[in-house]
file protein09.txt (compact mmCIF, C-alpha atoms)
# COMPACT_ATOMS: atom_id res chain seq x y z
CA MET A 1 -16.13 12.51 -70.14
CA SER A 2 -18.52 15.38 -70.79
CA ASP A 3 -17.52 18.56 -72.57
CA THR A 4 -19.24 21.38 -70.66
CA ALA A 5 -18.95 23.85 -73.54
CA SER A 6 -20.85 21.76 -76.09
CA ASN A 7 -22.44 19.14 -73.79
CA GLN A 8 -21.08 16.30 -75.93
CA THR A 9 -19.90 13.02 -74.47
CA ILE A 10 -16.44 11.90 -75.48
CA CYS A 11 -15.90 8.13 -75.45
CA LEU A 12 -12.31 7.01 -74.96
CA GLY A 13 -10.98 3.48 -74.71
CA SER A 14 -13.17 1.59 -77.14
CA GLU A 15 -10.04 0.62 -79.09
CA ILE A 16 -8.76 -1.31 -76.04
CA GLU A 17 -11.97 -3.29 -75.82
CA ASN A 18 -11.54 -5.31 -79.02
CA TYR A 19 -7.78 -5.38 -79.40
CA PRO A 20 -6.92 -8.06 -76.78
CA ASP A 21 -9.94 -10.13 -77.80
CA LYS A 22 -8.72 -10.32 -81.40
CA TYR A 23 -5.27 -11.54 -80.39
CA PHE A 24 -6.66 -13.95 -77.78
CA HIS A 25 -8.29 -16.01 -80.53
CA LEU A 26 -5.27 -15.79 -82.86
CA LYS A 27 -2.92 -16.81 -80.05
CA ARG A 28 -5.16 -19.67 -78.91
CA ASN A 29 -5.29 -21.14 -82.42
CA ALA A 30 -1.56 -20.73 -83.18
CA SER A 31 0.49 -23.91 -83.25
CA ASN A 32 3.88 -22.20 -83.04
CA GLY A 33 5.05 -21.08 -79.55
CA TYR A 34 7.17 -18.27 -81.03
CA VAL A 35 4.09 -16.75 -82.71
CA ARG A 36 2.21 -16.86 -79.41
CA LYS A 37 4.96 -14.97 -77.59
CA ARG A 38 5.15 -12.38 -80.36
CA TRP A 39 1.41 -11.68 -80.03
CA ASP A 40 1.69 -11.43 -76.24
CA GLY A 41 4.19 -8.61 -76.57
CA LYS A 42 2.16 -6.92 -79.28
CA VAL A 43 -0.99 -6.82 -77.13
CA ALA A 44 0.92 -5.55 -74.08
CA ASP A 45 2.70 -2.85 -76.08
CA LYS A 46 -0.47 -1.70 -77.84
CA THR A 47 -2.41 -1.64 -74.55
CA GLU A 48 0.35 0.41 -72.90
CA ASP A 49 0.35 2.87 -75.80
CA ILE A 50 -3.45 3.24 -75.80
CA CYS A 51 -3.50 3.81 -72.00
CA HIS A 52 -0.92 6.59 -72.37
CA GLN A 53 -2.93 8.21 -75.20
CA ILE A 54 -6.25 8.03 -73.33
CA SER A 55 -4.79 9.36 -70.08
CA ARG A 56 -3.10 12.23 -71.94
CA ARG A 57 -6.36 13.16 -73.69
CA ILE A 58 -8.30 13.10 -70.40
CA VAL A 59 -5.74 15.26 -68.60
CA ASP A 60 -5.42 17.67 -71.54
CA HIS A 61 -9.21 18.03 -71.72
CA ALA A 62 -9.41 18.69 -67.98
CA GLN A 63 -6.63 21.26 -68.18
CA GLU A 64 -8.11 22.99 -71.23
CA HIS A 65 -11.56 23.35 -69.62
CA ASN A 66 -10.33 23.92 -66.04
CA LEU A 67 -11.94 20.72 -64.72
CA PHE A 68 -11.05 18.11 -62.14
CA ILE A 69 -11.14 14.37 -62.87
CA VAL A 70 -13.45 11.83 -61.23
CA ILE A 71 -12.69 8.13 -61.53
CA GLY A 72 -15.04 5.34 -60.50
CA ASP A 73 -13.57 2.86 -58.02
CA LEU A 74 -13.72 -0.50 -59.79
CA GLU A 75 -12.62 -2.61 -56.84
CA GLY A 76 -14.26 -6.02 -56.94
CA ILE A 77 -15.42 -5.77 -60.56
CA GLN A 78 -13.24 -8.70 -61.60
CA GLU A 79 -14.70 -11.06 -58.99
CA GLU A 80 -18.20 -11.02 -60.46
CA ASP A 81 -19.13 -13.66 -63.06
CA ARG A 82 -20.52 -12.03 -66.20
CA GLY A 83 -20.03 -14.83 -68.70
CA LYS A 84 -16.88 -16.20 -70.33
CA GLN A 85 -16.30 -13.51 -72.96
CA MET A 86 -17.19 -10.53 -70.73
CA ASN A 87 -15.04 -11.89 -67.88
CA ARG A 88 -12.06 -12.07 -70.25
CA LYS A 89 -12.64 -8.47 -71.43
CA ILE A 90 -12.93 -7.15 -67.88
CA ARG A 91 -9.84 -9.02 -66.71
CA ASN A 92 -7.81 -7.89 -69.72
CA PHE A 93 -8.77 -4.22 -69.46
CA PRO A 94 -5.92 -2.43 -67.63
CA HIS A 95 -8.04 -0.50 -65.06
CA TRP A 96 -5.21 0.01 -62.60
CA LYS A 97 -2.72 1.05 -65.28
CA LEU A 98 -5.05 3.64 -66.81
CA ARG A 99 -5.93 5.00 -63.37
CA LYS A 100 -2.22 5.22 -62.47
CA TYR A 101 -1.39 7.10 -65.70
CA ILE A 102 -4.27 9.53 -65.21
CA ASN A 103 -3.22 10.17 -61.61
CA TYR A 104 0.43 10.86 -62.32
CA LYS A 105 -0.23 13.01 -65.41
CA ALA A 106 -2.92 14.99 -63.60
CA GLU A 107 -0.66 15.50 -60.58
CA TRP A 108 2.08 16.71 -62.93
CA GLU A 109 -0.33 19.31 -64.37
CA GLY A 110 -1.79 20.25 -60.95
CA ILE A 111 -5.24 18.77 -61.64
CA GLN A 112 -7.24 17.15 -58.84
CA VAL A 113 -8.34 13.53 -59.21
CA LYS A 114 -11.08 12.02 -57.03
CA GLU A 115 -12.09 8.35 -56.83
CA VAL A 116 -15.69 7.58 -55.98
CA ASP A 117 -17.74 4.45 -55.36
CA GLU A 118 -19.67 3.34 -58.46
CA ALA A 119 -22.39 1.43 -56.60
CA TYR A 120 -25.87 1.92 -58.15
CA THR A 121 -24.75 4.72 -60.50
CA SER A 122 -26.27 3.02 -63.56
CA GLN A 123 -29.53 2.36 -61.68
CA THR A 124 -30.06 5.86 -60.28
CA CYS A 125 -31.58 8.64 -62.41
CA SER A 126 -29.05 11.44 -62.87
CA ARG A 127 -31.89 13.99 -63.09
CA CYS A 128 -34.26 13.14 -60.22
CA GLY A 129 -32.31 10.56 -58.16
CA GLU A 130 -34.95 7.81 -58.33
CA LYS A 131 -33.87 4.20 -58.90
CA SER A 132 -34.88 2.31 -62.03
CA THR A 133 -33.56 -0.83 -63.67
CA PRO A 134 -31.64 -0.28 -66.91
CA GLN A 135 -32.69 -2.53 -69.79
CA LYS A 136 -30.58 -3.48 -72.80
CA GLY A 137 -28.05 -0.70 -72.27
CA MET A 138 -30.67 2.03 -71.90
CA PHE A 139 -31.76 3.85 -68.74
CA ARG A 140 -35.40 4.94 -68.50
CA CYS A 141 -36.57 6.69 -65.35
CA GLN A 142 -40.06 5.68 -64.29
CA SER A 143 -40.48 8.90 -62.28
CA CYS A 144 -39.38 11.73 -64.55
CA GLY A 145 -39.24 9.97 -67.96
CA TYR A 146 -35.54 10.71 -68.54
CA GLU A 147 -34.05 8.34 -71.14
CA THR A 148 -30.37 7.88 -72.03
CA ASP A 149 -27.60 5.32 -72.37
CA ARG A 150 -27.07 3.62 -69.00
CA ASP A 151 -23.29 4.19 -69.05
CA LYS A 152 -23.80 7.89 -69.79
CA ASN A 153 -26.30 8.09 -66.92
CA ALA A 154 -23.79 6.35 -64.63
CA SER A 155 -21.01 8.74 -65.65
CA TYR A 156 -23.17 11.75 -64.73
CA ASN A 157 -23.85 10.17 -61.32
CA ILE A 158 -20.15 9.45 -60.81
CA GLY A 159 -19.42 13.09 -61.67
CA LYS A 160 -21.99 14.26 -59.11
CA ARG A 161 -20.41 12.07 -56.45
CA GLY A 162 -17.02 13.53 -57.35
CA ILE A 163 -18.35 17.07 -56.95
CA GLY A 164 -19.76 16.06 -53.57
CA LYS A 165 -16.40 14.64 -52.53
CA LEU A 166 -14.61 17.77 -53.71
CA SER A 167 -16.96 20.05 -51.78
CA GLU A 168 -16.53 17.85 -48.65
CA ALA A 169 -12.76 18.16 -48.93
CA SER A 170 -12.90 21.94 -49.40
CA SER A 171 -15.26 22.39 -46.41
CA ASP A 172 -12.96 20.22 -44.23
CA SER A 173 -9.97 22.38 -45.12
CA LYS A 174 -11.75 25.56 -43.98

call {"tool": "encode", "arguments": {"input": "protein09.txt", "output": "structure tokens"}}
result
Amino acid sequence: MSDTASNQTICLGSEIENYPDKYFHLKRNASNGYVRKRWDGKVADKTEDICHQISRRIVDHAQEHNLFIVIGDLEGIQEEDRGKQMNRKIRNFPHWKLRKYINYKAEWEGIQVKEVDEAYTSQTCSRCGEKSTPQKGMFRCQSCGYETDRDKNASYNIGKRGIGKLSEASSDSK
């Protein structure tokens, strides 16, 4: 999420990333079935709580700055093999739940939400539109020299696609 007033990127959700992983190892090594079940509920409850907090912060930010929300369509992301640990993180992250919470809270506040395809967003320069291959989490454009975090670059591209979708919808309604 980018704050237009100060041009700072706000990163939400990093607390979800490590929480299930921590309890996965504790649960796997526990000998007592009761302890395993207790940790299952704890992870589910904590994940639910974090999703509500993140969705509320996103919707509040959009409302405060008079913005609309663009969400990348993550369909098919769980089918790709990215290694044992990364596969577990991707499968445990509640994409659908977070998207559902954002949608219903935004609808409640009268904020538009658009879903866009994420294909090639981390490989396309958000400044000039040329394709380059990100390396080690960084994006470096060979054409214009732009350099940034690849996820930040992808989020700018997703935002641009959302603006395009919004302008298509408004031109269709005329």

call {"tool": "closest_residue", "arguments": {"input": "protein09.txt", "among": "A:Val43, A:Ile50, A:Val113, A:Ile58", "to": "Lys97 (chain A)", "atoms": "only C-alpha atoms"}}
result
A:Ile50

call {"tool": "atom_distance", "arguments": {"input": "protein09.txt", "atom1": "CA of Gly137 (chain A)", "atom2": "CA of Thr47 (chain A)"}}
result
25.8 Å

call {"tool": "atom_distance", "arguments": {"input": "protein09.txt", "atom1": "CA of Val59 (chain A)", "atom2": "CA of Lys105 (chain A)"}}
result
6.8 Å

call {"tool": "atom_distance", "arguments": {"input": "protein09.txt", "atom1": "CA of Asp81 (chain A)", "atom2": "CA of Lys46 (chain A)"}}
result
26.6 Å

call {"tool": "closest_residue", "arguments": {"input": "protein09.txt", "among": "A:Lys165, A:Arg99, A:Arg82, A:Arg88", "to": "Ile54 (chain A)", "atoms": "all atoms listed in the file"}}
result
A:Arg99

call {"tool": "closest_residue", "arguments": {"input": "protein09.txt", "among": "A:Trp108, A:Trp96, A:Tyr146, A:Tyr120", "to": "Glu75 (chain A)", "atoms": "all atoms listed in the file"}}
result
A:Trp96

call {"tool": "closest_residue", "arguments": {"input": "protein09.txt", "among": "A:His52, A:His65, A:His95, A:Lys152", "to": "Pro134 (chain A)", "atoms": "only C-alpha atoms"}}
result
A:Lys152

call {"tool": "closest_residue", "arguments": {"input": "protein09.txt", "among": "A:Val116, A:Glu147, A:Lys131, A:Ser55", "to": "Asn103 (chain A)", "atoms": "all atoms listed in the file"}}
result
A:Ser55

call {"tool": "closest_residue", "arguments": {"input": "protein09.txt", "among": "A:Ile71, A:Cys51, A:Ile158, A:Met86", "to": "Ser126 (chain A)", "atoms": "only C-alpha atoms"}}
result
A:Ile158
